[in-house]
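> Below is my_file38.cif; it holds mmCIF, C-alpha atoms.
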```cif
data_run
#
loop_
_atom_site.label_atom_id
_atom_site.label_comp_id
_atom_site.auth_asym_id
_atom_site.auth_seq_id
_atom_site.Cartn_x
_atom_site.Cartn_y
_atom_site.Cartn_z
CA GLN A 1320 -89.14 -4.20 16.33
CA MET A 1321 -87.07 -7.13 17.51
CA SER A 1322 -84.67 -9.06 15.31
CA ASN A 1323 -85.19 -12.45 16.90
CA SER A 1324 -86.70 -14.18 19.92
CA SER A 1325 -83.36 -14.34 21.76
CA SER A 1326 -83.35 -10.53 22.12
CA ILE A 1327 -86.87 -10.47 23.64
CA THR A 1328 -86.77 -10.31 27.43
CA GLN A 1329 -90.46 -9.51 27.91
CA PHE A 1330 -93.84 -9.35 26.19
CA LEU A 1331 -96.42 -6.58 26.44
CA LEU A 1332 -99.93 -7.82 27.26
CA LEU A 1333 -103.08 -6.08 26.05
CA ALA A 1334 -104.46 -3.63 28.60
CA PHE A 1335 -108.20 -3.69 29.32
CA THR A 1336 -108.22 0.10 29.39
CA ASP A 1337 -105.83 3.07 29.53
CA THR A 1338 -108.03 5.09 31.92
CA ARG A 1339 -106.70 4.92 35.48
CA GLU A 1340 -110.14 4.90 37.15
CA LEU A 1341 -111.31 2.01 34.92
CA GLN A 1342 -108.07 0.11 35.60
CA LEU A 1343 -108.79 0.25 39.34
CA LEU A 1344 -112.41 -0.78 38.68
CA HIS A 1345 -111.14 -3.78 36.70
CA PHE A 1346 -108.79 -4.66 39.57
CA TRP A 1347 -111.64 -4.77 42.11
CA LEU A 1348 -113.89 -6.67 39.68
CA PHE A 1349 -111.17 -9.28 38.99
CA LEU A 1350 -110.41 -9.54 42.73
CA GLY A 1351 -114.10 -10.24 43.45
CA ILE A 1352 -114.29 -12.93 40.75
CA TYR A 1353 -111.01 -14.50 41.88
CA LEU A 1354 -112.02 -14.62 45.56
CA ALA A 1355 -115.41 -16.12 44.59
CA ALA A 1356 -113.64 -18.82 42.52
CA LEU A 1357 -111.18 -19.53 45.37
CA LEU A 1358 -113.99 -19.77 47.90
CA GLY A 1359 -116.31 -21.90 45.72
CA ASN A 1360 -113.68 -24.38 44.54
CA GLY A 1361 -111.98 -24.42 47.95
CA LEU A 1362 -115.26 -25.32 49.68
CA ILE A 1363 -115.91 -28.18 47.22
CA ILE A 1364 -112.36 -29.55 47.72
CA THR A 1365 -112.74 -29.35 51.53
CA ALA A 1366 -116.25 -30.88 51.54
CA VAL A 1367 -115.30 -33.82 49.30
CA ALA A 1368 -112.03 -34.48 51.17
CA CYS A 1369 -113.56 -34.31 54.66
CA ASP A 1370 -117.02 -35.90 54.24
CA ASN A 1371 -117.00 -39.72 53.99
CA ARG A 1372 -120.43 -39.69 52.27
CA LEU A 1373 -118.81 -37.93 49.31
CA HIS A 1374 -116.02 -40.49 48.84
CA THR A 1375 -117.55 -41.76 45.57
CA PRO A 1376 -116.22 -41.66 41.97
CA MET A 1377 -118.44 -38.71 40.96
CA TYR A 1378 -117.19 -36.53 43.82
CA PHE A 1379 -113.59 -37.70 43.41
CA PHE A 1380 -113.68 -36.40 39.82
CA LEU A 1381 -115.42 -33.21 41.00
CA LEU A 1382 -112.58 -32.62 43.48
CA ASN A 1383 -110.08 -32.97 40.60
CA LEU A 1384 -112.16 -30.54 38.50
CA SER A 1385 -112.10 -27.95 41.30
CA VAL A 1386 -108.31 -28.25 41.63
CA LEU A 1387 -107.93 -27.75 37.85
CA ASP A 1388 -110.30 -24.76 37.93
CA LEU A 1389 -108.29 -23.18 40.76
CA GLY A 1390 -105.08 -23.69 38.78
CA SER A 1391 -106.60 -22.35 35.57
CA ILE A 1392 -107.97 -19.10 37.03
CA SER A 1393 -104.80 -18.57 39.14
CA THR A 1394 -102.72 -18.68 35.95
CA THR A 1395 -104.37 -15.68 34.28
CA LEU A 1396 -106.30 -13.51 36.74
CA PRO A 1397 -103.63 -12.56 39.37
CA LYS A 1398 -101.33 -11.22 36.62
CA ALA A 1399 -104.23 -9.28 35.06
CA MET A 1400 -105.06 -7.85 38.51
CA ALA A 1401 -101.44 -6.83 39.13
CA ASN A 1402 -101.20 -5.18 35.70
CA SER A 1403 -104.44 -3.23 36.27
CA LEU A 1404 -103.38 -2.15 39.76
CA TRP A 1405 -99.84 -1.06 38.85
CA ASP A 1406 -100.71 0.25 35.34
CA ASN A 1407 -98.21 -2.16 33.81
CA ARG A 1408 -98.45 -4.34 30.67
CA ALA A 1409 -95.17 -6.26 30.86
CA ILE A 1410 -94.67 -9.98 31.46
CA SER A 1411 -91.19 -11.52 31.38
CA TYR A 1412 -90.23 -14.06 28.66
CA PRO A 1413 -89.97 -16.97 31.20
CA GLY A 1414 -93.18 -15.72 32.87
CA CYS A 1415 -94.99 -15.80 29.54
CA ALA A 1416 -93.72 -19.34 28.82
CA ALA A 1417 -94.82 -20.49 32.29
CA GLN A 1418 -98.24 -18.89 31.90
CA LEU A 1419 -98.80 -20.49 28.50
CA PHE A 1420 -97.62 -23.90 29.78
CA LEU A 1421 -99.88 -23.82 32.87
CA LEU A 1422 -102.94 -22.59 30.96
CA VAL A 1423 -102.63 -25.28 28.26
CA PHE A 1424 -101.96 -27.87 30.99
CA PHE A 1425 -104.99 -27.01 33.13
CA MET A 1426 -107.42 -26.50 30.24
CA SER A 1427 -106.37 -29.67 28.38
CA ALA A 1428 -106.56 -31.73 31.57
CA GLU A 1429 -110.00 -30.25 32.27
CA LEU A 1430 -111.35 -31.35 28.88
CA CYS A 1431 -110.00 -34.87 29.49
CA LEU A 1432 -111.49 -34.90 32.98
CA LEU A 1433 -114.91 -33.73 31.73
CA THR A 1434 -114.79 -36.65 29.26
CA VAL A 1435 -113.99 -39.06 32.10
CA MET A 1436 -116.88 -37.57 34.13
CA ALA A 1437 -119.25 -38.22 31.21
CA TYR A 1438 -118.13 -41.88 31.27
CA ASP A 1439 -118.82 -41.95 35.03
CA ARG A 1440 -122.41 -40.72 34.47
CA TYR A 1441 -122.86 -43.14 31.55
CA VAL A 1442 -121.85 -46.16 33.68
CA ALA A 1443 -123.93 -44.94 36.67
CA ILE A 1444 -127.13 -44.68 34.58
CA CYS A 1445 -126.69 -47.19 31.75
CA LYS A 1446 -124.77 -49.93 33.60
CA PRO A 1447 -125.57 -49.42 37.31
CA LEU A 1448 -124.91 -53.08 38.23
CA HIS A 1449 -121.33 -52.80 36.91
CA TYR A 1450 -120.62 -49.38 38.48
CA GLY A 1451 -118.56 -50.71 41.39
CA THR A 1452 -116.51 -52.95 39.06
CA LEU A 1453 -115.88 -50.45 36.24
CA LEU A 1454 -115.28 -47.47 38.53
CA GLY A 1455 -113.41 -48.90 41.51
CA SER A 1456 -111.01 -46.66 43.44
CA ARG A 1457 -107.99 -47.83 41.42
CA ALA A 1458 -109.75 -47.27 38.07
CA CYS A 1459 -110.79 -43.76 39.17
CA VAL A 1460 -107.23 -42.85 40.18
CA HIS A 1461 -105.91 -44.20 36.85
CA MET A 1462 -108.47 -42.19 34.84
CA ALA A 1463 -107.79 -38.98 36.77
CA ALA A 1464 -104.02 -39.52 36.39
CA ALA A 1465 -104.51 -40.07 32.63
CA ALA A 1466 -106.37 -36.74 32.38
CA TRP A 1467 -103.61 -34.87 34.29
CA GLY A 1468 -100.88 -36.68 32.31
CA SER A 1469 -102.52 -35.89 28.96
CA GLY A 1470 -102.74 -32.21 29.93
CA PHE A 1471 -99.07 -32.17 30.98
CA LEU A 1472 -97.87 -33.83 27.74
CA HIS A 1473 -100.02 -31.50 25.68
CA ALA A 1474 -98.63 -28.44 27.49
CA VAL A 1475 -94.98 -29.56 27.11
CA LEU A 1476 -95.40 -30.11 23.34
CA HIS A 1477 -97.16 -26.79 22.71
CA THR A 1478 -94.90 -24.67 24.93
CA ALA A 1479 -91.67 -26.14 23.54
CA ASN A 1480 -92.93 -25.74 19.98
CA THR A 1481 -94.32 -22.22 20.37
CA PHE A 1482 -91.20 -20.80 22.05
CA SER A 1483 -88.80 -22.44 19.59
CA ILE A 1484 -90.26 -20.31 16.78
CA PRO A 1485 -88.25 -17.15 15.86
CA ILE A 1486 -90.07 -13.89 16.67
CA CYS A 1487 -89.42 -10.69 14.74
CA LYS A 1488 -92.69 -8.71 14.72
CA GLY A 1489 -92.30 -6.92 18.03
CA ASN A 1490 -93.35 -8.15 21.45
CA ALA A 1491 -96.89 -6.76 21.86
CA LEU A 1492 -99.56 -9.45 22.31
CA GLU A 1493 -103.22 -8.72 21.51
CA GLN A 1494 -104.37 -10.59 24.61
CA PHE A 1495 -104.38 -10.07 28.41
CA PHE A 1496 -102.43 -13.35 28.91
CA CYS A 1497 -99.92 -15.36 26.88
CA GLU A 1498 -101.78 -17.41 24.29
CA ILE A 1499 -100.45 -19.56 21.42
CA PRO A 1500 -102.24 -17.82 18.47
CA GLN A 1501 -101.09 -14.37 19.67
CA ILE A 1502 -97.44 -15.48 19.95
CA LEU A 1503 -97.61 -17.14 16.50
CA LYS A 1504 -98.71 -13.77 15.06
CA LEU A 1505 -95.29 -12.40 16.05
CA SER A 1506 -93.34 -15.15 14.23
CA CYS A 1507 -91.37 -14.20 11.16
CA SER A 1508 -91.00 -17.44 9.22
CA ASP A 1509 -92.89 -20.47 8.00
CA SER A 1510 -91.74 -22.36 11.09
CA TYR A 1511 -95.06 -21.38 12.71
CA LEU A 1512 -96.70 -23.94 10.41
CA ARG A 1513 -95.22 -26.68 12.64
CA GLU A 1514 -97.17 -25.34 15.60
CA VAL A 1515 -100.28 -24.93 13.42
CA GLY A 1516 -99.93 -28.64 12.55
CA LEU A 1517 -99.74 -29.49 16.27
CA LEU A 1518 -102.79 -27.30 16.91
CA VAL A 1519 -104.72 -29.24 14.22
CA VAL A 1520 -103.83 -32.50 16.00
CA SER A 1521 -105.02 -30.95 19.29
CA VAL A 1522 -108.30 -29.86 17.70
CA CYS A 1523 -108.82 -33.42 16.39
CA LEU A 1524 -108.20 -34.84 19.89
CA ALA A 1525 -110.58 -32.24 21.40
CA LEU A 1526 -113.15 -33.18 18.76
CA GLY A 1527 -112.72 -36.84 19.77
CA CYS A 1528 -113.47 -35.90 23.41
CA PHE A 1529 -116.47 -33.87 22.27
CA VAL A 1530 -117.86 -36.77 20.19
CA PHE A 1531 -117.41 -39.10 23.19
CA LEU A 1532 -119.31 -36.60 25.37
CA VAL A 1533 -122.18 -36.36 22.85
CA VAL A 1534 -122.42 -40.15 22.36
CA SER A 1535 -122.37 -40.68 26.17
CA TYR A 1536 -125.25 -38.26 26.66
CA VAL A 1537 -127.29 -39.74 23.80
CA GLN A 1538 -126.96 -43.15 25.53
CA ILE A 1539 -127.80 -41.60 28.93
CA LEU A 1540 -130.89 -39.86 27.49
CA ARG A 1541 -132.11 -43.11 25.93
CA ALA A 1542 -131.60 -44.97 29.23
CA VAL A 1543 -133.36 -42.24 31.25
CA LEU A 1544 -136.38 -42.21 28.91
CA ARG A 1545 -136.75 -45.98 29.41
CA ILE A 1546 -137.16 -45.55 33.20
CA PRO A 1547 -140.89 -46.12 33.89
CA SER A 1548 -141.44 -43.70 36.80
CA GLU A 1549 -141.24 -39.94 36.35
CA GLN A 1550 -139.52 -39.59 39.73
CA GLY A 1551 -136.86 -42.11 38.66
CA ARG A 1552 -136.28 -40.25 35.39
CA HIS A 1553 -135.95 -36.93 37.23
CA LYS A 1554 -133.51 -38.35 39.81
CA ALA A 1555 -131.34 -40.01 37.14
CA PHE A 1556 -131.15 -36.97 34.91
CA SER A 1557 -130.62 -34.49 37.80
CA THR A 1558 -127.22 -36.11 38.48
CA CYS A 1559 -126.20 -35.28 34.88
CA VAL A 1560 -127.51 -31.71 34.61
CA PRO A 1561 -124.57 -30.01 36.45
CA HIS A 1562 -121.98 -31.89 34.35
CA LEU A 1563 -123.89 -31.08 31.15
CA ALA A 1564 -124.03 -27.39 32.12
CA VAL A 1565 -120.28 -27.27 32.91
CA VAL A 1566 -119.44 -28.98 29.59
CA SER A 1567 -121.73 -26.56 27.70
CA VAL A 1568 -120.06 -23.49 29.25
CA TYR A 1569 -116.54 -24.89 28.63
CA VAL A 1570 -117.16 -26.00 25.02
CA SER A 1571 -119.27 -23.02 23.87
CA THR A 1572 -116.85 -20.35 25.17
CA GLY A 1573 -113.80 -22.26 23.86
CA MET A 1574 -115.33 -22.87 20.42
CA PHE A 1575 -116.40 -19.24 20.04
CA ALA A 1576 -112.93 -18.06 21.08
CA TYR A 1577 -111.04 -20.17 18.54
CA LEU A 1578 -113.56 -20.86 15.74
CA LYS A 1579 -115.16 -17.43 15.29
CA PRO A 1580 -114.79 -16.04 11.73
CA PRO A 1581 -111.91 -13.55 11.22
CA SER A 1582 -114.40 -11.00 9.80
CA ILE A 1583 -115.86 -10.37 13.28
CA SER A 1584 -112.50 -10.46 15.03
CA SER A 1585 -111.30 -7.35 16.87
CA PRO A 1586 -108.99 -6.74 19.86
CA VAL A 1587 -111.94 -5.81 22.11
CA LEU A 1588 -113.99 -8.87 21.10
CA ASN A 1589 -110.93 -11.15 21.49
CA LEU A 1590 -110.44 -9.73 25.00
CA VAL A 1591 -114.08 -10.31 26.01
CA VAL A 1592 -114.22 -13.82 24.54
CA SER A 1593 -110.90 -14.91 26.08
CA PHE A 1594 -112.10 -13.56 29.44
CA LEU A 1595 -115.27 -15.65 29.06
CA TYR A 1596 -113.47 -18.92 28.33
CA SER A 1597 -110.52 -18.53 30.73
CA VAL A 1598 -112.20 -16.89 33.75
CA VAL A 1599 -115.96 -17.61 33.69
CA PRO A 1600 -115.95 -21.48 33.77
CA PRO A 1601 -113.67 -21.79 36.86
CA ALA A 1602 -115.74 -19.15 38.67
CA VAL A 1603 -119.22 -20.56 37.87
CA ASN A 1604 -118.50 -24.33 38.01
CA PRO A 1605 -118.80 -24.54 41.85
CA LEU A 1606 -122.10 -22.67 41.66
CA ILE A 1607 -123.45 -25.00 38.95
CA TYR A 1608 -122.47 -28.14 40.89
CA SER A 1609 -123.70 -27.02 44.31
CA MET A 1610 -126.99 -25.43 43.17
CA ARG A 1611 -128.92 -28.68 42.55
CA ASN A 1612 -126.83 -31.07 44.63
CA GLN A 1613 -128.35 -31.76 48.06
CA GLU A 1614 -125.51 -34.10 49.14
CA LEU A 1615 -122.93 -31.38 48.49
CA LYS A 1616 -125.08 -28.73 50.21
CA ASP A 1617 -125.42 -30.95 53.30
CA ALA A 1618 -121.65 -31.58 53.38
CA LEU A 1619 -120.92 -27.85 53.09
#
```
Could I get this structure in the form of structure tokens?

Amino acid sequence: QMSNSSSITQFLLLAFTDTRELQLLHFWLFLGIYLAALLGNGLIITAVACDNRLHTPMYFFLLNLSVLDLGSISTTLPKAMANSLWDNRAISYPGCAAQLFLLVFFMSAELCLLTVMAYDRYVAICKPLHYGTLLGSRACVHMAAAAWGSGFLHAVLHTANTFSIPICKGNALEQFFCEIPQILKLSCSDSYLREVGLLVVSVCLALGCFVFLVVSYVQILRAVLRIPSEQGRHKAFSTCVPHLAVVSVYVSTGMFAYLKPPSISSPVLNLVVSFLYSVVPPAVNPLIYSMRNQELKDAL
């Protein structure tokens, strides 16, 4: 038991297993996933940066998404790999704050960027004649910068708020990385309600992004169905399928992680779900985008 947060020098993360053989198995599994994510996202970044044919708004935003995915998975997985390899659960207090900040930053910016990408598809399909005007190079840079800036502001607010709350219920987190709800569980006063209030605001903003995504795709679907030729409909919608799949993976895993009923909550389930939402999207996004995209395949 710790009296207050000032006496805490480290947190103890939740171990995936206590069996040494399984810890090493987890290490190799995580290493494989991490290398696949590095390779996939790295190839997309290189292809978009080096191929002039891919210097369009859609691929510019995809490059930004790959950078965010690399940052997101690099925030959680290397530490989990190190802990599994060295049979260690500790993370320093500053390390925990940095991990929480970076994770909130990358994941918030990714949601904003996915919303911007939905707008890009909406303009491309519903207002093709205005595409060059509405999504010029300057507008694209501004929108991407707004997504990164929103993520940064969000992360600063949450990190400062979470780590200003007194902690007196030990230092063991029920998670394999530093996460706001798990740190709030260790707080010893009603001051955590301030962070809960900020989380409610964040949920409302996320809901706003989600509504924008849904409305954009309803408009896109209506526009696609009005295209007379079947080939035209297929071509228009095929440019949206990868984005729709990425959004579905991101939103479904995130919603299940944070909105599942407490009655089905358990440390093991929390571990699995958090792994799904923090590790799976960055690893599978390159696969989703390159699978049906001939331009990207040719560039690679």
> What gap, in Å, lies between atom CA of A:Leu1373 and atom CA of A:Leu1606?
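Atom CA of A:Leu1606 lies 17.4 Å from atom CA of A:Leu1373.
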> Using all atoms listed in the file, determine which residues lie at most 7 Å from stretch 1589-1602 of chain A, disregarding the query and same-chain residues fewer than 6 positions distant; provide the list as a list in words.
Ile1352, Ala1355, Ala1356, Asp1388, Leu1389, Ile1392, Gln1494, Phe1495, Val1568, Tyr1569, Thr1572, Gly1573 and Ala1576 of chain A
> Looking at only C-alpha atoms, which of A:Leu1503, A:Leu1404, A:Leu1517, A:Leu1357 is the one that sits closest to A:Asp1337?
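When distances to A:Asp1337 are compared using only C-alpha atoms, the smallest one comes from A:Leu1404.
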> Mind giving me the straight-line distance from atom CA of A:Cys1431 to atom CA of A:Leu1526 in Å, one decimal?
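Value for the atom CA of A:Cys1431-atom CA of A:Leu1526 distance: 11.3 Å.
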> Find, counting all atoms listed in the file, the residue in A:His1477, A:Lys1446, A:Arg1457, A:Arg1372 that gets nearest to A:Val1519.
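Nearest candidate to A:Val1519 out of A:His1477, A:Lys1446, A:Arg1457, A:Arg1372: A:His1477.
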> Once 8 Å is added on each side, what are the centre and the three edge lengths, in Å to one decimal, of the axis-aligned box enclosing the listed atoms of stretch 1326-1343 of chain A? Present them as AutoDock Vina command-line options.

```
--center_x -97.3 --center_y -2.7 --center_z 30.7 --size_x 44.0 --size_y 31.6 --size_z 33.2
```
> Could you list, as JSON, numbers by chain, every residue matched by the PyMOL selection byres ((chain A and resi 1367-1371) around 10) in this structure?
{"A": [1362, 1363, 1364, 1365, 1366, 1372, 1373, 1374, 1375, 1378, 1379, 1380, 1381, 1382, 1615, 1617, 1618, 1619]}
> Given the PyMOL selection byres ((chain A and resi 1491) around 7) and the file above, list the residues it selects as a PyMOL selection string.
chain A and resi 1330-1332+1489-1490+1492-1493
> At a cut-off of 9 Å, using all atoms listed in the file, what residues contact A:Thr1336? Leave out same-chain residues fewer than 4 positions from it and give the result as a ChimeraX atom specification.
/A:1341-1342,1345,1403
> Written as a VMD selection string, which residues does the PyMOL selection byres ((chain A and resi 1515) around 10) give for the file shown?
chain A and resid 1477 1480 to 1481 1499 to 1500 1503 1510 to 1514 1516 to 1521
> Please produce an output containing C-alpha atoms for each residue in the selection, written as a PDB file, in the coordinates of the input.

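The file below, again.pdb, is the result:
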```
ATOM      1  CA  HIS A1477     -97.160 -26.790  22.710  1.00  0.00           C
ATOM      2  CA  ASN A1480     -92.930 -25.740  19.980  1.00  0.00           C
ATOM      3  CA  THR A1481     -94.320 -22.220  20.370  1.00  0.00           C
ATOM      4  CA  ILE A1499    -100.450 -19.560  21.420  1.00  0.00           C
ATOM      5  CA  PRO A1500    -102.240 -17.820  18.470  1.00  0.00           C
ATOM      6  CA  LEU A1503     -97.610 -17.140  16.500  1.00  0.00           C
ATOM      7  CA  SER A1510     -91.740 -22.360  11.090  1.00  0.00           C
ATOM      8  CA  TYR A1511     -95.060 -21.380  12.710  1.00  0.00           C
ATOM      9  CA  LEU A1512     -96.700 -23.940  10.410  1.00  0.00           C
ATOM     10  CA  ARG A1513     -95.220 -26.680  12.640  1.00  0.00           C
ATOM     11  CA  GLU A1514     -97.170 -25.340  15.600  1.00  0.00           C
ATOM     12  CA  GLY A1516     -99.930 -28.640  12.550  1.00  0.00           C
ATOM     13  CA  LEU A1517     -99.740 -29.490  16.270  1.00  0.00           C
ATOM     14  CA  LEU A1518    -102.790 -27.300  16.910  1.00  0.00           C
ATOM     15  CA  VAL A1519    -104.720 -29.240  14.220  1.00  0.00           C
ATOM     16  CA  VAL A1520    -103.830 -32.500  16.000  1.00  0.00           C
ATOM     17  CA  SER A1521    -105.020 -30.950  19.290  1.00  0.00           C
TER      18      SER A1521
END
```
> Ranking A:Val1435, A:Ala1334, A:Tyr1412, A:Tyr1450 by minimum distance to A:Met1400 and counting all atoms listed in the file, which one comes first?
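Of A:Val1435, A:Ala1334, A:Tyr1412, A:Tyr1450, the one nearest A:Met1400 is A:Ala1334, counting all atoms listed in the file.
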> Hey, what's within 10 Å of A:Trp1405 if we count all atoms listed in the file and toss same-chain stuff fewer than 2 positions away? As a PyMOL selection string, please?
chain A and resi 1339+1342-1343+1346+1400-1403+1407-1408
> Need the shell around A:Gly1414: protein/DNA/RNA residues with any atom at most 12 Å away, counting all atoms listed in the file. Skip same-chain ones fewer than 6 positions apart. Format as a PyMOL selection string?
chain A and resi 1328-1332+1394-1395+1398+1420-1421+1496-1497
> Find the residue from A:Leu1454, A:Ile1327, A:Val1386, A:Val1565 that sits nearest to A:Ile1486; use all atoms listed in the file when measuring.
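Nearest to A:Ile1486: A:Ile1327.
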> Which residue, A:Ala1464, A:Cys1459, A:Asn1383, A:Ser1571, has the smallest gap to A:Asp1439 when you use all atoms listed in the file?
A:Cys1459
> N, CA, C and O atoms are needed for stretch 1540-1557 of chain A; please write them out as a short mmCIF file (atom, residue, chain, number, x, y, z; two decimals), in the coordinates of the input.

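Full text of part16.cif as output:
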```cif
data_model
loop_
_atom_site.label_atom_id
_atom_site.label_comp_id
_atom_site.auth_asym_id
_atom_site.auth_seq_id
_atom_site.Cartn_x
_atom_site.Cartn_y
_atom_site.Cartn_z
N LEU A 1540 -129.53 -40.34 27.76
CA LEU A 1540 -130.89 -39.86 27.49
C LEU A 1540 -131.82 -41.03 27.14
O LEU A 1540 -132.94 -41.11 27.64
N ARG A 1541 -131.31 -41.94 26.31
CA ARG A 1541 -132.11 -43.11 25.93
C ARG A 1541 -132.42 -43.97 27.16
O ARG A 1541 -133.53 -44.46 27.33
N ALA A 1542 -131.41 -44.15 28.02
CA ALA A 1542 -131.60 -44.97 29.23
C ALA A 1542 -132.59 -44.31 30.20
O ALA A 1542 -133.43 -44.98 30.80
N VAL A 1543 -132.47 -42.98 30.34
CA VAL A 1543 -133.36 -42.24 31.25
C VAL A 1543 -134.81 -42.31 30.78
O VAL A 1543 -135.74 -42.50 31.57
N LEU A 1544 -135.02 -42.17 29.47
CA LEU A 1544 -136.38 -42.21 28.91
C LEU A 1544 -137.03 -43.58 29.05
O LEU A 1544 -138.26 -43.70 28.99
N ARG A 1545 -136.20 -44.63 29.24
CA ARG A 1545 -136.75 -45.98 29.41
C ARG A 1545 -137.17 -46.26 30.86
O ARG A 1545 -137.82 -47.27 31.13
N ILE A 1546 -136.78 -45.37 31.80
CA ILE A 1546 -137.16 -45.55 33.20
C ILE A 1546 -138.66 -45.30 33.32
O ILE A 1546 -139.17 -44.25 32.90
N PRO A 1547 -139.42 -46.25 33.88
CA PRO A 1547 -140.89 -46.12 33.89
C PRO A 1547 -141.43 -44.96 34.73
O PRO A 1547 -142.33 -44.25 34.29
N SER A 1548 -140.88 -44.75 35.94
CA SER A 1548 -141.44 -43.70 36.80
C SER A 1548 -140.85 -42.33 36.50
O SER A 1548 -139.66 -42.21 36.19
N GLU A 1549 -141.70 -41.32 36.62
CA GLU A 1549 -141.24 -39.94 36.35
C GLU A 1549 -140.23 -39.49 37.40
O GLU A 1549 -139.26 -38.80 37.09
N GLN A 1550 -140.45 -39.93 38.65
CA GLN A 1550 -139.52 -39.59 39.73
C GLN A 1550 -138.13 -40.19 39.49
O GLN A 1550 -137.10 -39.54 39.70
N GLY A 1551 -138.12 -41.44 38.99
CA GLY A 1551 -136.86 -42.11 38.66
C GLY A 1551 -136.12 -41.41 37.54
O GLY A 1551 -134.90 -41.26 37.60
N ARG A 1552 -136.88 -40.97 36.53
CA ARG A 1552 -136.28 -40.25 35.39
C ARG A 1552 -135.67 -38.94 35.86
O ARG A 1552 -134.56 -38.57 35.48
N HIS A 1553 -136.43 -38.22 36.72
CA HIS A 1553 -135.95 -36.93 37.23
C HIS A 1553 -134.69 -37.10 38.06
O HIS A 1553 -133.72 -36.34 37.91
N LYS A 1554 -134.67 -38.12 38.94
CA LYS A 1554 -133.51 -38.35 39.81
C LYS A 1554 -132.27 -38.73 38.99
O LYS A 1554 -131.17 -38.24 39.25
N ALA A 1555 -132.47 -39.59 37.97
CA ALA A 1555 -131.34 -40.01 37.14
C ALA A 1555 -130.76 -38.85 36.36
O ALA A 1555 -129.54 -38.66 36.30
N PHE A 1556 -131.65 -38.05 35.76
CA PHE A 1556 -131.15 -36.97 34.91
C PHE A 1556 -130.59 -35.80 35.72
O PHE A 1556 -129.69 -35.10 35.26
N SER A 1557 -131.11 -35.61 36.97
CA SER A 1557 -130.62 -34.49 37.80
C SER A 1557 -129.15 -34.65 38.17
O SER A 1557 -128.46 -33.67 38.45
#
```
